[in-house]
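Enquirer: Just one file: target-v1.txt, with compact mmCIF, C-alpha atoms.
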# COMPACT_ATOMS: atom_id res chain seq x y z
CA MET A 1 94.69 81.95 62.91
CA SER A 2 97.61 82.40 60.48
CA ALA A 3 99.37 85.11 62.55
CA PRO A 4 103.04 84.03 62.83
CA VAL A 5 104.46 83.31 66.29
CA VAL A 6 107.95 82.23 67.38
CA VAL A 7 107.42 79.44 69.93
CA ALA A 8 110.97 78.08 70.36
CA ALA A 9 114.44 79.55 69.91
CA ARG A 10 117.97 78.21 70.36
CA ARG A 11 121.55 78.90 69.31
CA THR A 12 125.00 77.43 69.51
CA PRO A 13 127.64 79.12 71.61
CA ILE A 14 129.38 81.78 69.52
CA GLY A 15 133.02 80.96 68.82
CA THR A 16 135.73 83.31 67.64
CA ALA A 17 136.85 82.53 64.09
CA GLY A 18 139.66 80.01 64.31
CA GLY A 19 138.60 79.22 67.87
CA VAL A 20 136.56 76.56 69.65
CA LEU A 21 134.17 75.85 66.73
CA ARG A 22 136.80 76.02 63.99
CA ASP A 23 136.40 72.41 62.85
CA LEU A 24 132.62 72.49 62.30
CA ALA A 25 131.14 73.17 58.87
CA VAL A 26 127.94 75.18 58.57
CA ASP A 27 125.60 72.18 58.39
CA GLU A 28 127.30 70.64 61.43
CA LEU A 29 126.70 73.86 63.38
CA ALA A 30 123.08 74.25 62.28
CA ALA A 31 121.78 70.67 62.54
CA PRO A 32 121.86 70.30 66.35
CA VAL A 33 120.16 73.68 66.74
CA LEU A 34 117.36 72.65 64.37
CA ARG A 35 116.82 69.44 66.32
CA ALA A 36 116.79 71.27 69.66
CA VAL A 37 114.24 73.84 68.50
CA LEU A 38 111.91 71.13 67.21
CA GLY A 39 112.29 69.21 70.46
CA ASP A 40 111.48 72.27 72.57
CA ALA A 41 108.13 72.62 70.81
CA GLY A 42 107.36 68.91 70.62
CA LEU A 43 107.16 68.89 66.82
CA THR A 44 108.71 66.24 64.59
CA THR A 45 108.72 68.04 61.24
CA VAL A 46 108.12 71.38 59.53
CA ASP A 47 107.02 72.67 56.13
CA ASP A 48 110.46 74.06 55.30
CA VAL A 49 113.82 75.17 56.71
CA LEU A 50 115.04 78.70 55.92
CA LEU A 51 118.60 79.62 56.91
CA GLY A 52 120.65 82.73 56.28
CA ASN A 53 124.26 82.26 55.24
CA VAL A 54 126.87 84.58 53.74
CA PHE A 55 130.17 82.83 53.04
CA GLY A 56 129.17 79.42 51.84
CA PRO A 57 130.15 76.78 50.94
CA GLY A 58 127.00 76.99 48.81
CA GLY A 59 125.00 73.96 47.76
CA ASN A 60 121.90 75.20 49.65
CA THR A 61 123.16 75.16 53.22
CA ALA A 62 119.62 75.00 54.63
CA ARG A 63 118.83 71.82 52.72
CA VAL A 64 122.08 70.14 53.77
CA ALA A 65 121.52 71.14 57.42
CA ALA A 66 117.92 69.89 57.34
CA LEU A 67 119.05 66.51 56.05
CA ARG A 68 121.84 66.32 58.62
CA ALA A 69 119.29 67.16 61.32
CA GLY A 70 117.26 64.11 60.28
CA LEU A 71 114.21 66.03 59.08
CA GLY A 72 113.79 63.74 56.09
CA PRO A 73 114.03 64.26 52.33
CA GLU A 74 110.54 65.75 52.10
CA VAL A 75 111.58 68.96 53.93
CA PRO A 76 113.06 71.17 51.18
CA GLY A 77 115.32 73.93 52.57
CA LEU A 78 116.04 77.48 51.37
CA THR A 79 119.23 79.48 51.92
CA VAL A 80 118.84 83.27 52.24
CA ASP A 81 121.51 85.93 51.59
CA ARG A 82 120.91 89.45 52.84
CA GLN A 83 124.47 89.57 54.11
CA CYS A 84 124.62 90.23 57.89
CA ALA A 85 120.82 90.51 58.02
CA SER A 86 120.30 87.05 56.49
CA GLY A 87 119.29 85.27 59.70
CA LEU A 88 116.56 87.78 60.57
CA ALA A 89 115.47 87.97 56.93
CA ALA A 90 114.97 84.19 56.95
CA ILE A 91 112.74 84.52 60.03
CA THR A 92 110.60 87.31 58.60
CA LEU A 93 110.32 85.39 55.32
CA ALA A 94 109.05 82.35 57.22
CA ALA A 95 106.49 84.61 58.93
CA THR A 96 105.40 85.94 55.54
CA LEU A 97 104.90 82.41 54.20
CA ILE A 98 102.67 81.62 57.17
CA THR A 99 100.65 84.80 56.69
CA ALA A 100 100.25 83.90 53.02
CA GLY A 101 98.91 80.48 54.00
CA GLU A 102 101.66 78.47 52.31
CA GLY A 103 102.52 76.55 55.48
CA GLU A 104 102.12 76.54 59.26
CA ALA A 105 105.50 75.60 60.71
CA TYR A 106 108.99 76.72 59.67
CA LEU A 107 112.46 76.41 61.13
CA ALA A 108 114.21 79.68 60.34
CA GLY A 109 117.48 81.31 61.33
CA GLY A 110 121.05 81.45 60.16
CA VAL A 111 124.50 79.94 60.35
CA GLU A 112 128.06 80.99 59.63
CA SER A 113 131.45 79.33 59.85
CA ALA A 114 134.09 81.92 59.07
CA SER A 115 136.59 79.25 60.09
CA THR A 116 135.63 76.77 57.35
CA ALA A 117 134.46 79.13 54.60
CA PRO A 118 136.16 78.24 51.30
CA HIS A 119 139.05 80.32 49.99
CA ARG A 120 137.96 82.32 46.96
CA LEU A 121 139.75 83.39 43.79
CA TRP A 122 138.80 85.71 40.95
CA ARG A 123 139.32 84.02 37.57
CA THR A 124 142.06 86.40 36.47
CA ASP A 125 145.53 85.60 35.19
CA PRO A 126 147.02 84.99 37.64
CA PRO A 127 144.03 84.24 39.91
CA GLN A 128 143.48 86.84 42.62
CA PRO A 129 142.26 85.85 46.10
CA TYR A 130 139.47 87.87 47.70
CA THR A 131 137.98 87.89 51.17
CA ARG A 132 134.49 89.14 50.38
CA ALA A 133 132.17 89.48 47.43
CA PRO A 134 131.25 92.96 46.17
CA PHE A 135 128.40 94.59 48.11
CA ALA A 136 127.74 97.10 45.33
CA PRO A 137 129.13 98.06 41.90
CA ALA A 138 132.49 99.76 42.42
CA GLU A 139 131.36 102.93 40.62
CA LEU A 140 128.57 103.39 43.20
CA GLY A 141 130.95 102.97 46.13
CA ASP A 142 131.77 99.69 47.84
CA PRO A 143 133.78 100.52 50.96
CA GLU A 144 135.05 98.07 53.53
CA MET A 145 132.78 97.72 56.57
CA GLY A 146 135.11 99.44 59.01
CA GLU A 147 135.80 102.33 56.64
CA ALA A 148 132.06 102.88 56.17
CA ALA A 149 131.48 102.67 59.94
CA ASP A 150 134.01 105.44 60.52
CA LEU A 151 132.26 107.62 57.92
CA VAL A 152 128.81 107.03 59.43
CA ALA A 153 130.02 107.77 62.96
CA ALA A 154 131.78 110.97 61.86
CA GLU A 155 128.79 112.27 59.93
CA ALA A 156 126.48 111.48 62.87
CA GLY A 157 128.80 113.18 65.36
CA ILE A 158 129.33 110.03 67.44
CA SER A 159 132.46 110.62 69.52
CA ARG A 160 135.13 108.02 70.23
CA GLU A 161 134.37 108.38 73.95
CA ARG A 162 130.69 107.58 73.45
CA GLN A 163 131.54 104.57 71.30
CA ASP A 164 133.89 103.25 73.96
CA ARG A 165 131.24 103.70 76.67
CA PHE A 166 128.73 101.78 74.54
CA ALA A 167 131.27 99.00 73.93
CA LEU A 168 132.24 98.82 77.60
CA ARG A 169 128.58 98.42 78.56
CA SER A 170 128.22 95.59 76.04
CA HIS A 171 131.27 93.77 77.42
CA GLU A 172 130.16 94.22 81.03
CA ARG A 173 126.60 93.09 80.37
CA ALA A 174 127.66 89.96 78.49
CA VAL A 175 130.14 88.95 81.19
CA ALA A 176 127.47 89.45 83.87
CA ALA A 177 124.84 87.52 81.89
CA GLN A 178 127.20 84.62 81.28
CA ALA A 179 128.20 84.47 84.96
CA ALA A 180 124.53 84.53 86.02
CA GLY A 181 123.63 81.70 83.61
CA ARG A 182 121.19 83.79 81.58
CA PHE A 183 122.46 82.30 78.32
CA ASP A 184 122.31 78.69 79.48
CA ASP A 185 118.76 77.73 78.47
CA GLU A 186 119.10 79.07 74.93
CA LEU A 187 122.40 77.31 74.18
CA VAL A 188 122.84 74.00 72.39
CA GLU A 189 126.10 72.25 73.16
CA VAL A 190 128.17 71.46 70.06
CA ALA A 191 131.52 69.67 69.94
CA GLY A 192 131.67 69.83 73.72
CA VAL A 193 131.38 73.64 73.71
CA ARG A 194 128.85 74.93 76.24
CA ARG A 195 129.53 78.67 76.48
CA ASP A 196 130.27 81.69 74.31
CA GLN A 197 133.99 82.10 73.74
CA ARG A 198 134.44 85.86 73.38
CA PRO A 199 133.04 87.51 76.58
CA ARG A 200 135.82 88.35 78.99
CA ALA A 201 136.13 90.55 82.03
CA GLY A 202 138.76 93.21 82.56
CA PHE A 203 137.77 95.90 80.10
CA THR A 204 137.76 99.44 81.52
CA ALA A 205 137.23 102.85 79.97
CA ALA A 206 140.95 103.54 80.27
CA ARG A 207 141.86 100.26 78.57
CA LEU A 208 139.43 100.84 75.68
CA ALA A 209 140.81 104.34 75.18
CA ARG A 210 144.27 102.90 74.47
CA PHE A 211 143.16 101.02 71.33
CA ARG A 212 144.23 102.62 68.06
CA PRO A 213 141.86 103.23 65.10
CA ALA A 214 141.51 99.95 63.25
CA PHE A 215 140.26 100.93 59.80
CA THR A 216 141.11 104.53 58.87
CA ALA A 217 143.94 106.74 60.11
CA ASP A 218 141.71 109.22 61.93
CA GLY A 219 138.77 106.91 62.54
CA THR A 220 137.01 106.05 65.79
CA ALA A 221 136.28 102.34 65.29
CA THR A 222 138.76 100.08 67.10
CA ALA A 223 139.17 96.39 67.75
CA ALA A 224 137.60 96.90 71.18
CA ASN A 225 134.48 98.84 70.11
CA SER A 226 133.80 96.66 67.07
CA CYS A 227 132.47 93.10 66.76
CA GLY A 228 134.59 89.99 66.33
CA VAL A 229 134.42 87.66 63.31
CA SER A 230 132.76 84.50 64.57
CA ASP A 231 131.24 81.05 64.03
CA GLY A 232 127.78 80.01 65.17
CA ALA A 233 124.18 79.10 64.36
CA ALA A 234 120.78 80.17 65.64
CA ALA A 235 117.23 79.17 64.76
CA VAL A 236 113.62 79.66 65.80
CA LEU A 237 110.40 77.80 65.15
CA VAL A 238 107.79 80.04 63.53
CA VAL A 239 104.25 78.67 63.53
CA SER A 240 100.73 79.84 62.83
CA GLU A 241 98.47 80.89 65.67
CA ARG A 242 96.47 77.70 65.09
CA VAL A 243 99.52 75.53 65.77
CA ARG A 244 100.55 77.67 68.74
CA ARG A 245 97.09 77.38 70.27
CA GLU A 246 96.93 73.64 69.61
CA ARG A 247 100.11 73.17 71.65
CA ASN A 248 99.38 75.87 74.23
CA LEU A 249 102.78 77.52 73.79
CA PRO A 250 103.93 81.02 74.78
CA GLY A 251 105.93 82.96 72.24
CA LEU A 252 106.71 86.10 70.28
CA ARG A 253 103.96 87.19 67.90
CA LEU A 254 105.16 89.27 64.95
CA VAL A 255 103.66 92.75 65.02
CA ALA A 256 105.48 94.28 62.06
CA SER A 257 108.60 93.79 59.95
CA ALA A 258 110.35 95.79 57.27
CA THR A 259 113.36 95.62 54.98
CA SER A 260 115.13 98.71 53.66
CA GLY A 261 118.15 99.95 51.75
CA CYS A 262 120.40 103.01 51.68
CA ASP A 263 123.49 104.43 49.99
CA PRO A 264 125.97 101.51 49.97
CA ARG A 265 128.76 103.93 50.90
CA ARG A 266 126.97 104.36 54.23
CA LEU A 267 125.95 100.75 54.57
CA GLY A 268 125.74 100.83 58.37
CA LEU A 269 122.60 102.99 58.13
CA GLY A 270 120.66 100.53 55.99
CA VAL A 271 118.24 99.58 58.77
CA VAL A 272 117.13 103.13 59.67
CA PRO A 273 114.12 103.31 57.27
CA ALA A 274 113.01 99.82 58.39
CA LEU A 275 113.28 100.88 62.03
CA ARG A 276 111.12 103.92 61.44
CA THR A 277 108.51 101.78 59.70
CA VAL A 278 108.14 99.16 62.43
CA LEU A 279 108.31 101.68 65.29
CA GLN A 280 105.07 103.18 64.02
CA HIS A 281 103.44 100.05 65.49
CA GLY A 282 104.73 100.41 69.06
CA THR A 283 107.59 101.26 71.39
CA PRO A 284 109.77 98.31 72.46
CA GLN A 285 110.77 97.74 76.06
CA VAL A 286 113.79 95.72 74.85
CA THR A 287 115.82 96.11 71.67
CA GLU A 288 118.25 93.54 70.30
CA PHE A 289 120.49 95.24 67.74
CA THR A 290 123.63 93.84 66.10
CA GLU A 291 126.53 96.03 67.18
CA ALA A 292 128.81 95.54 64.20
CA PHE A 293 130.54 98.77 65.20
CA ALA A 294 129.65 100.95 68.17
CA GLY A 295 129.58 104.17 66.12
CA GLN A 296 127.40 102.68 63.40
CA ALA A 297 124.98 101.16 65.91
CA LEU A 298 124.66 104.43 67.83
CA ALA A 299 124.06 106.38 64.60
CA CYS A 300 121.15 104.05 63.78
CA LEU A 301 119.68 104.18 67.29
CA ASP A 302 119.86 107.97 67.35
CA ALA A 303 118.26 108.27 63.92
CA ALA A 304 115.37 106.04 65.01
CA GLY A 305 114.95 107.74 68.40
CA LEU A 306 115.80 104.63 70.43
CA ASP A 307 117.28 104.79 73.93
CA GLU A 308 120.69 103.11 73.79
CA GLY A 309 120.32 102.04 77.42
CA THR A 310 117.49 99.64 76.49
CA VAL A 311 119.57 97.97 73.78
CA ASN A 312 121.12 94.52 74.27
CA PRO A 313 120.47 94.05 78.01
CA ASP A 314 122.85 91.08 78.09
CA GLY A 315 125.44 92.51 75.72
CA GLY A 316 125.66 92.38 71.95
CA ALA A 317 127.96 91.48 69.08
CA ILE A 318 130.84 93.62 70.35
CA ALA A 319 131.05 91.31 73.35
CA LEU A 320 129.61 88.07 71.94
CA GLY A 321 130.83 88.11 68.34
CA HIS A 322 129.24 88.40 64.91
CA PRO A 323 128.67 85.14 62.98
CA TRP A 324 127.43 87.00 59.89
CA GLY A 325 124.63 84.84 58.52
CA ALA A 326 123.48 83.84 62.01
CA SER A 327 123.58 87.21 63.77
CA GLY A 328 120.06 88.32 62.87
CA ALA A 329 118.71 85.04 64.22
CA VAL A 330 120.80 85.40 67.38
CA LEU A 331 118.84 88.62 68.03
CA ALA A 332 115.55 86.70 67.89
CA VAL A 333 116.87 83.97 70.18
CA ARG A 334 118.04 86.55 72.71
CA LEU A 335 114.73 88.42 72.58
CA PHE A 336 112.79 85.17 73.07
CA ALA A 337 114.94 84.38 76.12
CA GLN A 338 114.21 87.72 77.71
CA LEU A 339 110.55 88.32 76.90
CA VAL A 340 109.30 84.71 76.98
CA ARG A 341 111.69 82.47 78.97
CA GLN A 342 112.34 85.15 81.58
CA ALA A 343 108.69 86.29 81.32
CA ARG A 344 109.55 89.97 81.04
CA GLY A 345 106.73 90.44 78.53
CA GLY A 346 105.96 93.49 76.45
CA LEU A 347 107.19 94.52 73.03
CA GLY A 348 110.63 93.70 71.68
CA LEU A 349 112.59 94.84 68.64
CA THR A 350 115.18 92.97 66.56
CA ALA A 351 117.15 94.92 63.96
CA LEU A 352 120.46 95.18 62.10
CA SER A 353 122.14 96.70 59.09
CA ALA A 354 124.01 94.71 56.45
CA GLY A 355 126.54 94.90 53.64
CA GLY A 356 125.44 96.77 50.54
CA GLY A 357 123.32 99.22 52.54
CA LEU A 358 120.56 96.84 53.66
CA GLY A 359 118.60 96.54 56.88
CA VAL A 360 115.91 94.35 58.46
CA ALA A 361 113.80 95.18 61.52
CA ALA A 362 111.00 93.31 63.26
CA LEU A 363 108.73 94.23 66.18
CA TRP A 364 107.41 91.41 68.40
CA GLN A 365 104.79 91.05 71.14
CA ALA A 366 105.29 88.49 73.90
CA VAL A 367 102.20 86.29 74.33
CA GLY A 368 101.30 83.71 76.97
CA PRO A 369 100.10 80.13 76.45
CA ASP A 370 96.57 81.48 76.06
CA GLY A 371 97.68 83.76 73.24
CA GLU A 372 97.02 86.94 75.21
CA PRO A 373 99.73 89.64 75.21
CA LEU A 374 102.06 89.50 78.19
CA PRO A 375 102.35 93.04 79.59
CA PRO A 376 105.79 94.34 80.56
CA GLU A 377 106.98 93.40 84.03
CA GLY A 378 106.48 96.91 85.39
CA ALA A 379 102.88 97.08 84.17
CA ARG A 380 101.61 94.00 86.02
What does the file become when written as structure tokens?
Expert:
Amino acid sequence: MSAPVVVAARRTPIGTAGGVLRDLAVDELAAPVLRAVLGDAGLTTVDDVLLGNVFGPGGNTARVAALRAGLGPEVPGLTVDRQCASGLAAITLAATLITAGEGEAYLAGGVESASTAPHRLWRTDPPQPYTRAPFAPAELGDPEMGEAADLVAAEAGISRERQDRFALRSHERAVAAQAAGRFDDELVEVAGVRRDQRPRAGFTAARLARFRPAFTADGTATAANSCGVSDGAAAVLVVSERVRRERNLPGLRLVASATSGCDPRRLGLGVVPALRTVLQHGTPQVTEFTEAFAGQALACLDAAGLDEGTVNPDGGAIALGHPWGASGAVLAVRLFAQLVRQARGGLGLTALSAGGGLGVAALWQAVGPDGEPLPPEGAR
């Protein structure tokens, strides 16, 4: 009766940094999503709110967002930082709390506003600005994301042509999904914004091939086969099986989750051990994986034995954008839309790597209102 189940899932549109959501702070992005998720499930309160966030402004973003959402002073709030994996880590942590019996209903997800993140300075003389915190001690290797992605792709033998094909598929799928309205039911309008900003038609293989390496002189990661820096929020409602049954709700039941680490110089591979762990429990029909860089994503999928064609059926971060602290939660929202809202059923996987050589993966089973597993469409 304490088995954790996601029974509602929503997100804001994803805006390009400096774009349509540039004036909204993190709590202003997260609060309407929290309210929408609660409303979808017919609940009025939860035991806690857990939100991933990377760039601040600090002050326990989850608590501030919970108060702004009107949840009341008795709902505490916890902010989680596993870098890009923070949103999914917050969700699996909420599931763990339910399994442990600490509570029965949690709002969990993530939020990021690259547009409003505070400027940062090291306390040197004179002060030195910096754009990111260290992911690892310098003596162990702390490369920039793009530099590490080029290394991982080269060592895995992922060609530039394959990366561009993967990126083109992501762009095409996102444009098609947006045009067909497949994102509509998961989106919460904020500041008058009703649709994701980044997806755009017109990419071709020839056009992608013209982009120059973006991070290293002989690298294969480009602006077109890498994600965009973005703003956005996403959240799910994780409840116990008792609460799910009481309200007769369909959802995603957690089958297995894992967190792993790797050499921080090859940080894009951080999720591979976690993937191998959760895949021992089943083979997903759908995988939602954060495509920070096409080469890095493909190296992870190959290492875990996953078919790239089943990944991100409606496009991924290359096409939609990457709001760091929210991206892991966006995966869960997208998976909920496909397996539950669209009633595709079966097993689904959410996974991503993160700065410092970290990774989080989770395997989910779609269940109906009666709690029974929903078989995949093709098996009915």
Enquirer: Looking at A:Arg160, A:Arg334, A:His322, A:Arg242, which one is nearest to A:Asp184, with distances taken over only C-alpha atoms?
Expert: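 Answer, going by the shortest atom-to-atom distance: A:Arg334.
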Enquirer: Which residues, written as a list in words, have at least one atom at most 10 Å from stretch 119-135 of chain A, with only C-alpha atoms counted and residues fewer than 2 positions away on the same chain left out?
Expert: Val54, Phe55, Pro57, Gln83, Thr116, Ala117, Pro137, Ala138, Gly141, Asp142, Pro143, Glu144, Pro264, Arg265, Leu267, Ala354, Gly355, Gly356, Gly357 and Leu358 of chain A
Enquirer: Hey, can you spit out that residue selection with C-alpha atoms as a PDB file, in the coordinates of the input?
Expert:
ATOM      1  CA  VAL A  54     126.870  84.580  53.740  1.00  0.00           C
ATOM      2  CA  PHE A  55     130.170  82.830  53.040  1.00  0.00           C
ATOM      3  CA  PRO A  57     130.150  76.780  50.940  1.00  0.00           C
ATOM      4  CA  GLN A  83     124.470  89.570  54.110  1.00  0.00           C
ATOM      5  CA  THR A 116     135.630  76.770  57.350  1.00  0.00           C
ATOM      6  CA  ALA A 117     134.460  79.130  54.600  1.00  0.00           C
ATOM      7  CA  PRO A 137     129.130  98.060  41.900  1.00  0.00           C
ATOM      8  CA  ALA A 138     132.490  99.760  42.420  1.00  0.00           C
ATOM      9  CA  GLY A 141     130.950 102.970  46.130  1.00  0.00           C
ATOM     10  CA  ASP A 142     131.770  99.690  47.840  1.00  0.00           C
ATOM     11  CA  PRO A 143     133.780 100.520  50.960  1.00  0.00           C
ATOM     12  CA  GLU A 144     135.050  98.070  53.530  1.00  0.00           C
ATOM     13  CA  PRO A 264     125.970 101.510  49.970  1.00  0.00           C
ATOM     14  CA  ARG A 265     128.760 103.930  50.900  1.00  0.00           C
ATOM     15  CA  LEU A 267     125.950 100.750  54.570  1.00  0.00           C
ATOM     16  CA  ALA A 354     124.010  94.710  56.450  1.00  0.00           C
ATOM     17  CA  GLY A 355     126.540  94.900  53.640  1.00  0.00           C
ATOM     18  CA  GLY A 356     125.440  96.770  50.540  1.00  0.00           C
ATOM     19  CA  GLY A 357     123.320  99.220  52.540  1.00  0.00           C
ATOM     20  CA  LEU A 358     120.560  96.840  53.660  1.00  0.00           C
TER      21      LEU A 358
END
Enquirer: For A:Ala62, which residue among A:Leu275, A:Leu168, A:Ala36, A:Ala108 is the nearest when counting only C-alpha atoms?
Expert: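 Closest residue, counting only C-alpha atoms: A:Ala108.
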Enquirer: If I take atom CA of A:Ser240 and atom CA of A:Ala362, how far is one from the other in Å, to one decimal?
Expert: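 About the pair atom CA of A:Ser240 and atom CA of A:Ala362: they are 16.9 Å apart.
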Enquirer: If we draw a sphere of 12 Å around (102.4, 76.4, 72.4), which residues have at least one atom in it when counting all atoms listed in the file? Please report them as a PyMOL selection string.
Expert: chain A and resi 5-8+40-43+237-253+340+367-371
Enquirer: Enclose stretch 197-216 of chain A, meaning all of its atoms listed in the file, in a box aligned along x, y and z, pad it by 8 Å on each side, and list the centre and edge lengths in Å to one decimal, as JSON.
Expert:
{"center_x": 138.7, "center_y": 93.3, "center_z": 70.7, "size_x": 27.2, "size_y": 38.4, "size_z": 39.7}
Enquirer: I'd like the interatomic distance between atom CA of A:Leu29 and atom CA of A:Gln178, to a tenth of an Å.
Expert: 20.9 Å
Enquirer: Which residue out of A:Glu172, A:Asp23, A:Glu102, A:Glu112 has the minimum interatomic distance to A:Cys84 when all atoms listed in the file are used?
Expert: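 For A:Cys84, the nearest of the candidates is A:Glu112.
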Enquirer: Figure out the distance between atom CA of A:Ala66 and atom CA of A:Ala31, please, to one decimal in Å.
Expert: 6.5 Å
Enquirer: Would you mind telling me which residue in A:Leu50, A:Val330, A:Val360, A:Ala3 lies nearest to A:Glu104 when using all atoms listed in the file?
Expert: A:Ala3
Enquirer: Which residues, written as JSON, numbers by chain, have at least one atom at most 7 Å from A:Gly15, with all atoms listed in the file counted and residues fewer than 4 positions away on the same chain left out?
Expert: {"A": [19, 20, 21, 196, 197, 198, 230, 231, 232]}
Enquirer: If we count only C-alpha atoms, what is near stretch 287-302 of chain A at a cut-off of 7 Å, once residues fewer than 3 positions away on the same chain are taken out, given as number ranges by chain?
Expert: A: 149, 152-153, 156, 158, 163, 166-167, 221, 225-227, 268-269, 272, 284, 305-306, 308, 310-312, 316-318, 331, 335, 348-352
Enquirer: Smallest atom-to-atom distance to A:Thr222: which of A:Arg341, A:Pro323, A:Leu254, A:Glu147, using all atoms listed in the file?
Expert: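 Distance minimum relative to A:Thr222 lands on A:Glu147.
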Enquirer: I'd like the contact shell of A:Glu377 - 9 Å cut-off, all atoms listed in the file, skipping same-chain residues fewer than 5 positions apart - returned as a PDB file with C-alpha atoms, in the frame of the given file.
Expert:
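Once everything was written out, this is result29.pdb:
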ATOM      1  CA  ALA A 343     108.690  86.290  81.320  1.00  0.00           C
ATOM      2  CA  ARG A 344     109.550  89.970  81.040  1.00  0.00           C
ATOM      3  CA  GLY A 345     106.730  90.440  78.530  1.00  0.00           C
ATOM      4  CA  GLY A 346     105.960  93.490  76.450  1.00  0.00           C
TER       5      GLY A 346
END
Enquirer: Using only C-alpha atoms, which of A:Gly270, A:Gly181, A:Pro373, A:Gly192 sits nearest A:Thr12?
Expert: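 Looking only at the distances to A:Thr12, the closest residue turns out to be A:Gly192.
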Enquirer: Need the shell around A:Ala17: protein/DNA/RNA residues with any atom at most 8 Å away, counting all atoms listed in the file. Skip same-chain ones fewer than 5 positions apart. Format as an MDAnalysis selection string?
Expert: chainID A and resid 22 113:115 229:231
